[in-house]
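Q: So that you have it, the file is run.tsv, and it contains TSV, C-alpha atoms:
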chain	number	residue	atom	x	y	z
A	265	MET	CA	-4.61	24.56	-15.93
A	266	LEU	CA	-4.70	21.46	-18.19
A	267	PRO	CA	-2.53	21.02	-21.30
A	268	ALA	CA	-4.14	21.27	-24.72
A	269	VAL	CA	-5.22	17.93	-26.18
A	270	ASN	CA	-4.25	16.88	-29.70
A	271	LEU	CA	-7.50	15.40	-31.04
A	272	ARG	CA	-5.68	14.22	-34.19
A	273	PRO	CA	-2.64	12.55	-32.61
A	274	PRO	CA	0.28	11.12	-34.60
A	275	PHE	CA	-0.94	7.57	-33.97
A	276	ASN	CA	-4.11	6.09	-32.51
A	277	ILE	CA	-3.90	4.47	-29.07
A	278	THR	CA	-7.26	2.83	-28.34
A	279	ARG	CA	-7.04	1.53	-24.75
A	280	ALA	CA	-5.03	0.12	-21.88
A	281	SER	CA	-4.31	-3.45	-22.90
A	282	HIS	CA	-2.12	-5.49	-20.57
A	283	VAL	CA	0.47	-5.40	-17.81
A	284	VAL	CA	3.56	-7.61	-17.44
A	285	LEU	CA	4.82	-8.23	-13.88
A	286	HIS	CA	7.89	-9.95	-12.46
A	287	VAL	CA	6.92	-12.20	-9.54
A	288	ALA	CA	8.99	-14.13	-6.99
A	289	ASP	CA	6.75	-17.21	-6.83
A	290	LEU	CA	4.78	-17.81	-10.03
A	291	ALA	CA	2.46	-20.47	-8.62
A	292	ARG	CA	1.51	-18.35	-5.62
A	293	SER	CA	0.88	-15.25	-7.74
A	294	ARG	CA	-1.18	-17.23	-10.24
A	295	ASP	CA	-3.35	-18.61	-7.44
A	296	PHE	CA	-3.91	-15.10	-6.06
A	297	TYR	CA	-5.12	-13.74	-9.38
A	298	VAL	CA	-7.32	-16.78	-10.05
A	299	ASN	CA	-8.76	-17.42	-6.57
A	300	ILE	CA	-9.03	-13.85	-5.28
A	301	VAL	CA	-9.31	-11.59	-8.33
A	302	GLY	CA	-11.06	-14.18	-10.48
A	303	LEU	CA	-9.01	-14.08	-13.68
A	304	VAL	CA	-8.94	-16.92	-16.20
A	305	ILE	CA	-5.72	-18.69	-17.20
A	306	SER	CA	-5.24	-18.41	-20.96
A	307	GLU	CA	-1.96	-20.29	-21.11
A	308	GLU	CA	0.88	-21.39	-18.88
A	309	GLY	CA	4.46	-22.13	-19.79
A	310	GLU	CA	7.88	-22.41	-18.26
A	311	GLY	CA	8.20	-19.37	-16.02
A	312	VAL	CA	5.18	-17.49	-17.40
A	313	CYS	CA	1.41	-17.38	-16.93
A	314	TYR	CA	-1.04	-15.48	-19.16
A	315	LEU	CA	-4.38	-14.42	-17.68
A	316	ARG	CA	-7.46	-12.50	-18.79
A	317	GLY	CA	-10.78	-11.29	-17.39
A	318	LEU	CA	-14.09	-13.06	-17.94
A	319	ALA	CA	-15.28	-10.52	-20.52
A	320	GLU	CA	-11.99	-10.36	-22.43
A	321	ALA	CA	-11.53	-12.05	-25.79
A	322	CYS	CA	-7.88	-11.10	-26.27
A	323	HIS	CA	-5.33	-13.65	-25.09
A	324	HIS	CA	-4.05	-11.80	-22.01
A	325	SER	CA	-4.41	-8.67	-19.94
A	326	LEU	CA	-2.00	-9.81	-17.22
A	327	VAL	CA	1.28	-11.63	-17.75
A	328	LEU	CA	3.12	-13.03	-14.72
A	329	VAL	CA	6.80	-13.72	-15.33
A	330	GLN	CA	8.90	-15.71	-12.88
A	331	SER	CA	11.69	-13.47	-11.60
A	332	GLN	CA	15.19	-14.85	-12.03
A	333	GLY	CA	16.93	-12.54	-9.58
A	334	GLY	CA	14.19	-11.95	-7.04
A	335	GLU	CA	13.05	-8.63	-8.50
A	336	GLN	CA	9.39	-7.74	-8.06
A	337	THR	CA	9.03	-5.13	-10.76
A	338	CYS	CA	6.75	-4.17	-13.62
A	339	LYS	CA	8.30	-5.22	-16.90
A	340	ARG	CA	5.89	-3.25	-19.13
A	341	ILE	CA	2.44	-1.75	-19.35
A	342	GLY	CA	0.73	-2.26	-22.69
A	343	PHE	CA	-1.49	-0.12	-24.91
A	344	ARG	CA	-3.33	-1.16	-28.04
A	345	VAL	CA	-3.23	0.88	-31.25
A	346	PHE	CA	-5.90	0.65	-33.92
A	347	PHE	CA	-3.98	-0.22	-37.10
A	348	GLU	CA	-0.64	-1.84	-37.88
A	349	GLU	CA	0.44	1.42	-39.52
A	350	ASP	CA	-0.09	3.16	-36.17
A	351	LEU	CA	2.87	1.16	-34.89
A	352	ASP	CA	5.07	2.58	-37.65
A	353	SER	CA	3.82	6.09	-36.87
A	354	ALA	CA	4.51	5.51	-33.18
A	355	TYR	CA	8.05	4.33	-33.93
A	356	ALA	CA	8.71	7.49	-35.97
A	357	PHE	CA	7.19	9.70	-33.26
A	358	PHE	CA	9.22	8.29	-30.36
A	359	LYS	CA	12.42	8.39	-32.39
A	360	SER	CA	11.77	12.02	-33.36
A	361	GLU	CA	11.32	12.85	-29.66
A	362	GLY	CA	14.65	11.23	-28.77
A	363	LEU	CA	12.85	8.51	-26.80
A	364	ALA	CA	13.53	4.78	-26.79
A	365	ALA	CA	11.73	2.76	-29.49
A	366	GLU	CA	12.57	-0.82	-30.43
A	367	TRP	CA	10.81	-3.57	-32.36
A	368	VAL	CA	10.49	-6.82	-30.40
A	369	ASP	CA	8.96	-10.27	-30.81
A	370	VAL	CA	6.33	-10.94	-28.12
A	371	PRO	CA	4.24	-14.14	-28.07
A	372	HIS	CA	0.53	-13.84	-28.94
A	373	GLN	CA	0.75	-10.13	-29.83
A	374	GLY	CA	2.00	-9.91	-33.39
A	375	ARG	CA	4.34	-7.04	-34.12
A	376	THR	CA	5.17	-5.20	-30.89
A	377	LEU	CA	6.95	-1.92	-30.21
A	378	HIS	CA	8.79	-1.20	-26.96
A	379	VAL	CA	8.93	2.50	-26.09
A	380	GLU	CA	9.56	4.77	-23.11
A	381	ASP	CA	7.83	8.01	-22.21
A	382	PRO	CA	9.86	11.07	-21.09
A	383	ILE	CA	10.30	9.82	-17.50
A	384	GLY	CA	11.25	6.28	-18.51
A	385	THR	CA	7.96	4.38	-18.11
A	386	LYS	CA	8.33	1.03	-19.87
A	387	ILE	CA	5.54	0.64	-22.44
A	388	GLU	CA	4.73	-1.77	-25.23
A	389	LEU	CA	2.36	-1.11	-28.12
A	390	CYS	CA	0.65	-3.70	-30.28
A	391	ALA	CA	-2.13	-3.61	-32.87
A	392	GLN	CA	-3.46	-7.13	-32.48
A	393	MET	CA	-3.51	-10.14	-30.19
A	394	GLU	CA	-4.65	-13.74	-30.47
A	395	THR	CA	-8.23	-14.26	-29.31
A	396	LEU	CA	-9.97	-16.85	-27.13
A	397	PRO	CA	-13.64	-17.31	-26.17
A	398	ARG	CA	-15.06	-14.84	-23.68
A	399	MET	CA	-15.90	-16.60	-20.43
A	400	TYR	CA	-18.51	-14.24	-18.97
A	401	LEU	CA	-21.37	-16.75	-19.42
A	402	LYS	CA	-19.43	-19.76	-18.09
A	403	PHE	CA	-20.88	-19.27	-14.62
A	404	GLU	CA	-19.88	-22.73	-13.46
A	405	SER	CA	-16.22	-21.79	-13.94
A	406	PHE	CA	-16.25	-18.46	-12.10
A	407	THR	CA	-13.81	-17.99	-9.21
A	408	GLY	CA	-12.76	-15.10	-7.01
A	409	ALA	CA	-14.24	-11.65	-7.61
A	410	HIS	CA	-15.24	-12.41	-11.22
A	411	ALA	CA	-12.95	-9.72	-12.69
A	412	GLN	CA	-14.27	-8.73	-16.12
A	413	ARG	CA	-11.66	-6.66	-17.96
A	414	LEU	CA	-8.53	-4.61	-17.43
A	415	ASP	CA	-9.48	-0.95	-17.34
A	416	HIS	CA	-6.58	1.35	-16.43
A	417	TYR	CA	-3.20	2.01	-14.84
A	418	GLN	CA	-2.07	4.68	-12.39
A	419	LEU	CA	1.47	5.98	-12.62
A	420	LEU	CA	3.46	8.00	-10.10
A	421	ALA	CA	5.41	10.76	-11.85
A	422	PRO	CA	7.65	13.55	-10.49
A	423	ASP	CA	5.84	16.23	-12.53
A	424	THR	CA	2.18	15.51	-13.19
A	425	TYR	CA	1.67	18.42	-15.58
A	426	ALA	CA	4.68	17.59	-17.76
A	427	LEU	CA	3.66	13.95	-18.20
A	428	CYS	CA	0.01	14.91	-18.68
A	429	GLU	CA	1.16	17.26	-21.45
A	430	PHE	CA	3.04	14.45	-23.17
A	431	TYR	CA	0.06	12.08	-23.16
A	432	SER	CA	-2.26	14.92	-24.21
A	433	ARG	CA	-0.15	15.16	-27.37
A	434	LEU	CA	-0.96	11.48	-27.96
A	435	GLY	CA	-4.69	12.16	-27.82
A	436	PHE	CA	-5.38	11.31	-24.18
A	437	ARG	CA	-8.17	13.48	-22.74
A	438	ASN	CA	-8.86	14.26	-19.09
A	439	SER	CA	-12.10	13.14	-17.48
A	440	GLU	CA	-11.26	14.61	-14.07
A	441	TYR	CA	-8.22	16.09	-12.35
A	442	ILE	CA	-6.93	16.98	-8.89
A	443	ALA	CA	-5.37	20.38	-8.32
A	444	HIS	CA	-4.25	22.64	-5.51
A	445	GLY	CA	-4.40	26.23	-6.67
A	446	ASP	CA	-2.64	26.23	-10.05
A	447	LYS	CA	-0.69	23.03	-9.38
A	448	LEU	CA	-1.86	19.86	-11.14
A	449	LEU	CA	-1.46	16.90	-8.76
A	450	GLY	CA	-3.51	14.19	-10.45
A	451	ALA	CA	-4.71	13.68	-14.04
A	452	PHE	CA	-7.28	11.02	-15.00
A	453	MET	CA	-6.85	10.42	-18.72
A	454	TYR	CA	-8.60	8.21	-21.26
A	455	ARG	CA	-8.67	7.00	-24.83
A	456	LYS	CA	-11.49	4.43	-24.90
A	457	GLY	CA	-14.38	6.70	-23.91
A	458	THR	CA	-14.66	6.00	-20.19
A	459	CYS	CA	-13.07	7.88	-17.28
A	460	LEU	CA	-9.71	6.20	-17.40
A	461	ASP	CA	-6.98	4.42	-19.25
A	462	LEU	CA	-4.11	6.19	-17.53
A	463	ALA	CA	-4.00	8.11	-14.25
A	464	ILE	CA	-0.95	10.24	-13.44
A	465	VAL	CA	-0.34	11.32	-9.84
A	466	GLN	CA	2.58	13.24	-8.37
A	467	GLY	CA	5.24	11.17	-6.64
A	468	GLN	CA	8.60	9.47	-7.02
A	469	GLY	CA	8.56	7.83	-10.43
A	470	PRO	CA	8.18	6.32	-12.85
A	471	ARG	CA	6.38	3.69	-10.79
A	472	LEU	CA	3.20	1.70	-11.28
A	473	HIS	CA	0.86	2.59	-8.44
A	474	HIS	CA	-1.82	0.11	-9.50
A	475	PHE	CA	-3.67	-1.52	-12.34
A	476	ALA	CA	-7.44	-2.01	-12.20
A	477	TYR	CA	-10.05	-4.55	-13.26
A	478	THR	CA	-13.78	-3.97	-13.49
A	479	VAL	CA	-16.32	-6.19	-11.73
A	480	SER	CA	-20.00	-6.47	-12.68
A	481	GLU	CA	-21.60	-6.27	-9.25
A	482	SER	CA	-20.79	-4.37	-6.07
A	483	HIS	CA	-20.91	-7.59	-4.05
A	484	ASN	CA	-17.92	-8.88	-6.05
A	485	ILE	CA	-15.80	-6.29	-4.25
A	486	PHE	CA	-16.79	-7.71	-0.87
A	487	THR	CA	-16.30	-11.25	-2.19
A	488	ALA	CA	-12.69	-10.37	-3.00
A	489	CYS	CA	-12.19	-9.21	0.59
A	490	ASP	CA	-13.83	-12.33	2.03
A	491	LEU	CA	-11.76	-14.65	-0.14
A	492	ALA	CA	-8.58	-12.75	0.66
A	493	GLY	CA	-9.30	-13.41	4.34
A	494	ASN	CA	-10.03	-17.08	3.75
A	495	HIS	CA	-6.89	-17.63	1.65
A	496	GLY	CA	-4.50	-15.95	4.08
A	497	TYR	CA	-4.36	-12.55	2.39
A	498	ALA	CA	-6.38	-10.54	4.93
A	499	ALA	CA	-3.53	-8.05	5.36
A	500	SER	CA	-3.38	-7.52	1.60
A	501	VAL	CA	-6.74	-5.69	1.66
A	502	GLU	CA	-5.05	-2.31	1.73
A	503	ARG	CA	-7.77	0.25	1.09
A	504	GLY	CA	-11.57	0.11	0.98
A	505	PRO	CA	-14.15	-0.91	0.22
A	506	GLY	CA	-15.12	2.68	-0.42
A	507	ARG	CA	-16.35	5.07	-3.09
A	508	HIS	CA	-14.06	7.33	-5.08
A	509	GLY	CA	-14.70	10.99	-5.65
A	510	PRO	CA	-13.20	11.07	-9.17
A	511	GLY	CA	-15.17	8.60	-11.27
A	512	GLY	CA	-17.60	7.81	-8.44
A	513	MET	CA	-16.77	4.09	-8.42
A	514	LEU	CA	-17.02	1.58	-5.60
A	515	PHE	CA	-13.54	0.15	-5.08
A	516	VAL	CA	-11.11	-1.97	-3.12
A	517	TYR	CA	-7.30	-2.13	-3.42
A	518	LEU	CA	-5.41	-5.36	-2.82
A	519	ARG	CA	-1.69	-6.13	-2.69
A	520	ASP	CA	-0.67	-9.36	-4.37
A	521	PRO	CA	2.02	-11.69	-2.91
A	522	ASP	CA	4.77	-9.53	-4.45
A	523	GLY	CA	3.28	-6.23	-3.29
A	524	HIS	CA	1.91	-5.24	-6.71
A	525	ARG	CA	-1.32	-3.30	-6.20
A	526	VAL	CA	-4.53	-4.24	-8.03
A	527	GLU	CA	-7.82	-2.37	-7.82
A	528	LEU	CA	-11.27	-3.89	-8.31
A	529	PHE	CA	-14.09	-1.47	-9.07
A	530	ASN	CA	-17.59	-1.44	-10.53
A	531	SER	CA	-17.00	0.52	-13.75
A	532	HIS	CA	-17.72	4.19	-14.51
A	533	TYR	CA	-19.39	6.65	-16.87
A	534	GLN	CA	-18.84	7.36	-20.57
A	535	THR	CA	-16.79	10.31	-21.84
A	536	ILE	CA	-17.02	9.91	-25.61
A	537	ASP	CA	-18.60	13.25	-26.52
A	538	ILE	CA	-16.21	16.06	-27.37
A	539	GLU	CA	-18.05	18.80	-25.46
A	540	ILE	CA	-17.61	17.13	-22.06
A	541	GLU	CA	-15.35	19.23	-19.82
A	542	PRO	CA	-12.96	17.71	-17.24
A	543	VAL	CA	-14.12	17.85	-13.61
A	544	ARG	CA	-11.81	19.63	-11.15
A	545	TRP	CA	-11.28	18.31	-7.61
A	546	GLU	CA	-9.64	20.36	-4.86
A	547	ALA	CA	-6.72	18.46	-3.35
A	548	ALA	CA	-7.35	19.89	0.11
A	549	SER	CA	-10.76	18.18	0.29
A	550	LEU	CA	-11.09	14.72	1.85
A	551	SER	CA	-13.71	13.92	-0.80
A	552	THR	CA	-11.01	14.08	-3.48
A	553	ASN	CA	-10.21	10.42	-2.96
A	554	VAL	CA	-13.18	8.99	-1.10
A	555	ARG	CA	-16.81	10.00	-0.79
A	556	TRP	CA	-17.27	7.79	2.25
A	557	GLY	CA	-14.94	5.66	4.30
A	558	ILE	CA	-11.64	6.54	5.90
A	559	PRO	CA	-8.47	7.93	4.31
A	560	ALA	CA	-5.89	5.59	2.79
A	561	PRO	CA	-2.85	4.49	4.81
A	562	ALA	CA	0.44	6.22	4.03
A	563	ARG	CA	1.76	3.18	2.17
A	564	TRP	CA	-1.07	3.54	-0.39
A	565	TYR	CA	0.30	6.95	-1.33
A	566	PHE	CA	4.02	6.24	-1.21
A	567	GLU	CA	4.56	2.55	-2.06
A	568	ALA	CA	4.42	1.43	-5.69
A	569	THR	CA	6.00	-0.98	-8.16
A	570	ALA	CA	9.19	0.11	-9.90
A	571	PHE	CA	9.66	-0.48	-13.63
A	572	ALA	CA	12.47	-2.87	-14.44
A	573	GLY	CA	15.62	-0.91	-15.25
A	574	ALA	CA	14.03	2.54	-14.87
A	575	ALA	CA	15.81	5.17	-12.77
A	576	LEU	CA	13.61	6.88	-10.19
A	577	ILE	CA	13.12	10.66	-10.19
A	578	GLU	CA	12.09	12.56	-7.08
A	579	PRO	CA	9.40	15.25	-7.34
A	580	ALA	CA	10.46	18.81	-6.62
A	581	GLU	CA	7.96	18.83	-3.76
A	582	LYS	CA	7.09	15.67	-1.85
A	583	PRO	CA	3.33	15.04	-1.70
A	584	ASN	CA	1.71	15.57	1.69
A	585	PRO	CA	-1.71	13.92	1.50
A	586	GLN	CA	-4.02	13.27	4.41
A	587	THR	CA	-3.37	9.66	5.41
A	588	LEU	CA	-5.08	7.25	7.73
A	589	GLU	CA	-2.27	7.82	10.21
A	590	SER	CA	-2.55	11.63	10.18
A	591	TYR	CA	-6.35	11.40	10.28
A	592	ALA	CA	-6.24	9.13	13.34
A	593	LEU	CA	-3.70	11.40	15.05
A	594	ALA	CA	-5.90	14.45	14.46
A	595	LEU	CA	-8.90	12.60	15.91
A	596	SER	CA	-6.94	11.55	19.00
A	597	MET	CA	-5.85	15.13	19.62
A	598	GLN	CA	-9.49	16.27	19.63
A	599	LYS	CA	-10.25	14.07	22.65
Rewrite the structure of this file - the entire thing - as structure tokens.
A:
Amino acid sequence: MLPAVNLRPPFNITRASHVVLHVADLARSRDFYVNIVGLVISEEGEGVCYLRGLAEACHHSLVLVQSQGGEQTCKRIGFRVFFEEDLDSAYAFFKSEGLAAEWVDVPHQGRTLHVEDPIGTKIELCAQMETLPRMYLKFESFTGAHAQRLDHYQLLAPDTYALCEFYSRLGFRNSEYIAHGDKLLGAFMYRKGTCLDLAIVQGQGPRLHHFAYTVSESHNIFTACDLAGNHGYAASVERGPGRHGPGGMLFVYLRDPDGHRVELFNSHYQTIDIEIEPVRWEAASLSTNVRWGIPAPARWYFEATAFAGAALIEPAEKPNPQTLESYALALSMQK
């Protein structure tokens, strides 16, 4: 069912690192991520804002870039590699695969490589980043939901198995997966030894479904919802609070002022040991996505952030998940 994993990949990706978003109103987006999510501003400049979580020492995990033409897209998702020579190995690998690979100069990151995976996902790789003091003990400065660190991304892809196979060649392992019969619908993949760095779910893509930050306490999730209501973002609380099946985390999903989706959740288990087998979830079960709570609205499944300049590919078969709307309709018909 799952592709074979290359445990000695051609270069060593260590973790999900950062995401770069185009936003329509930089000041408004910055305030959302500071006052609701609880990120710390590392640096601001003309048309750009760098933010990080309270437990993060590296300069940024979220970069907000003022859009010049009104686009509200994802510019890049970032992964760290372990050594500088891994960047050279990555460049050779992507070129040998006939995929885009280009050296670029990115502030605060040292040497950076821009690449694309087989469906056109925009990615940047770096081996190092400037550091700043961790803020997790500066309690007097905490705001919002006290987001700690960037944990993972979820991509929508037209063929989950094919993209899972590609990242398996790069050393990504599966913690859990969603399947229906022999068809792989969702793959939860990792490099850093927890459940996730990259989730791949079937849908029109490449698109960024969400990126996720950890919080230390479950009450931080409810704090995010309360603050969203107080700051005029009540409608942006899109899904949850609830508890996932895969990973077992408490969660909430929010939409920022540009519609980009961010998840807050209370961490998950370790997956370092080689003998651990991936957990299979049956797609037909409601517990696939939520252990308690109600199903997600249709927009949670079908709306996502496009990557700047990437052409969209339709899946051969459109997903048909149980949504809040179909769940409510079924309940009404029982009366």
Q: Using all atoms listed in the file, which of the listed residues (A:Glu380, A:Glu349, A:Glu481, A:Glu320) sits closest to Leu363 of chain A?
A: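 Once distances to Leu363 of chain A are computed over all atoms listed in the file, the minimum belongs to A:Glu380.
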Q: Near Arg507 of chain A, counting all atoms listed in the file, which residues have an atom at most 7 Å away, once you skip same-chain residues fewer than 3 positions from it, shown as number ranges by chain?
A: A: 512-515, 554-556
Q: With all atoms listed in the file as the basis for distance, which of A:Tyr400, A:Phe357, A:Phe347, A:Tyr441 is at the shortest distance from Arg413 of chain A?
A: A:Tyr400
Q: Neighbours of Pro470 of chain A within 8 Å (all atoms listed in the file; same-chain residues fewer than 3 positions away dropped), as a PyMOL selection string?
A: chain A and resi 383-385+419-422+570-571+574-577
Q: Just the number, please: distance in Å from atom CA of Phe343 of chain A to atom CA of Glu308 of chain A, one decimal.
A: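 Rounded to one decimal, the two atoms are 22.2 Å apart.
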Q: Produce a table with one row for each residue of segment 505-583 of chain A that has an atom at most 9 Å from any atom of segment 474-480 of chain A, each row naming the nearest atom pair and its distance in Å at one decimal; use all atoms listed in the file; arrange rows by chain and rising residue number; format as CSV.
A:
residue,atom,partner,partner_atom,distance
A:Tyr517,CA,A:His474,CA,8.5
A:His524,CA,A:His474,CA,7.1
A:Arg525,CA,A:His474,CA,4.8
A:Val526,CA,A:Phe475,CA,5.2
A:Glu527,CA,A:Ala476,CA,4.4
A:Leu528,CA,A:Tyr477,CA,5.1
A:Phe529,CA,A:Thr478,CA,5.1
A:Asn530,CA,A:Val479,CA,5.1
A:Ser531,CA,A:Thr478,CA,5.5
A:Ala568,CA,A:His474,CA,7.4
A:Thr569,CA,A:His474,CA,8.0
Q: Looking at all atoms listed in the file, which of A:His410, A:Arg398, A:Arg455, A:Lys386 is the one that sits closest to Phe436 of chain A?
A: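 Ranking A:His410, A:Arg398, A:Arg455, A:Lys386 by distance to Phe436 of chain A, first place goes to A:Arg455.
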Q: Which residue out of A:Leu396, A:Ile341, A:Val543, A:Val301 has the minimum interatomic distance to Ile485 of chain A when all atoms listed in the file are used?
A: A:Val301
Q: Would you compute an axis-aligned box for segment 361-380 of chain A, covering every atom listed for it in the file with 5 Å of margin on each side, and report centre and edge lengths in Å to one decimal as AutoDock Vina command-line options?
A:
--center_x 7.6 --center_y -0.6 --center_z -28.6 --size_x 24.1 --size_y 37.0 --size_z 21.0
Q: With distances taken over only C-alpha atoms, which of A:Gly493, A:Pro583, A:Pro542, A:Pro382 is nearest to Arg437 of chain A?
A: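 Among the listed residues, the smallest separation from Arg437 of chain A belongs to A:Pro542.
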Q: For atom CA of Cys428 of chain A and atom CA of Ala391 of chain A, quote the distance in Å rounded to one decimal.
A: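 Taking atom CA of Cys428 of chain A as the start and atom CA of Ala391 of chain A as the end point, the length is 23.4 Å.
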Q: Do a neighbour search on Lys447 of chain A at 10 Å with all atoms listed in the file, toss out local chain neighbours closer than 2 positions, and write the hits as a short mmCIF file (atom, residue, chain, number, x, y, z; two decimals) with C-alpha atoms, in the frame of the given file.
A:
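Dumped to out31.cif:
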data_model
loop_
_atom_site.label_atom_id
_atom_site.label_comp_id
_atom_site.auth_asym_id
_atom_site.auth_seq_id
_atom_site.Cartn_x
_atom_site.Cartn_y
_atom_site.Cartn_z
CA MET A 265 -4.61 24.56 -15.93
CA LEU A 266 -4.70 21.46 -18.19
CA ASP A 423 5.84 16.23 -12.53
CA THR A 424 2.18 15.51 -13.19
CA TYR A 425 1.67 18.42 -15.58
CA ILE A 442 -6.93 16.98 -8.89
CA ALA A 443 -5.37 20.38 -8.32
CA HIS A 444 -4.25 22.64 -5.51
CA GLY A 445 -4.40 26.23 -6.67
CA LEU A 449 -1.46 16.90 -8.76
CA GLY A 450 -3.51 14.19 -10.45
CA ALA A 547 -6.72 18.46 -3.35
#
Q: Rounded to one decimal, what separation in Å do you get between atom CA of Cys338 of chain A and atom CA of Tyr314 of chain A?
A: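 Atom CA of Tyr314 of chain A lies at a distance of 14.8 Å from atom CA of Cys338 of chain A.
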Q: Looking at all atoms listed in the file, which of A:Ser405, A:Ser353, A:Gln330, A:Ser306 is the one that sits closest to Leu434 of chain A?
A: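 Smallest separation from Leu434 of chain A among the options: A:Ser353.
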Q: Might you pull out every residue within 6 Å of segment 274-283 of chain A, with all atoms listed in the file counted and same-chain residues fewer than 3 positions away left off, and present them as a VMD selection string?
A: chain A and resid 325 to 326 340 to 346 350 353 to 354 416 455 to 456 461
Q: Place a sphere of radius 12 Å on (-4.3, -16.6, -10.4) in the file coordinates and name every protein, DNA or RNA residue with an atom inside or on its surface, counting all atoms listed in the file; give the answer as a ChimeraX atom specification.
A: /A:289-308,312-317,326-328,407-411,520-521
Q: Do you know which residues are at most 9 Å from Ala356 of chain A counting all atoms listed in the file, after dropping those on the same chain fewer than 5 positions away, and could you put them as a PyMOL selection string?
A: chain A and resi 351+361+365
Q: Selection from above, C-alpha atoms, as an mmCIF file, in the coordinates of the input, can you write it?
A:
data_model
loop_
_atom_site.group_PDB
_atom_site.id
_atom_site.type_symbol
_atom_site.label_atom_id
_atom_site.label_comp_id
_atom_site.auth_asym_id
_atom_site.auth_seq_id
_atom_site.Cartn_x
_atom_site.Cartn_y
_atom_site.Cartn_z
ATOM 1 C CA LEU A 351 2.870 1.160 -34.890
ATOM 2 C CA GLU A 361 11.320 12.850 -29.660
ATOM 3 C CA ALA A 365 11.730 2.760 -29.490
#
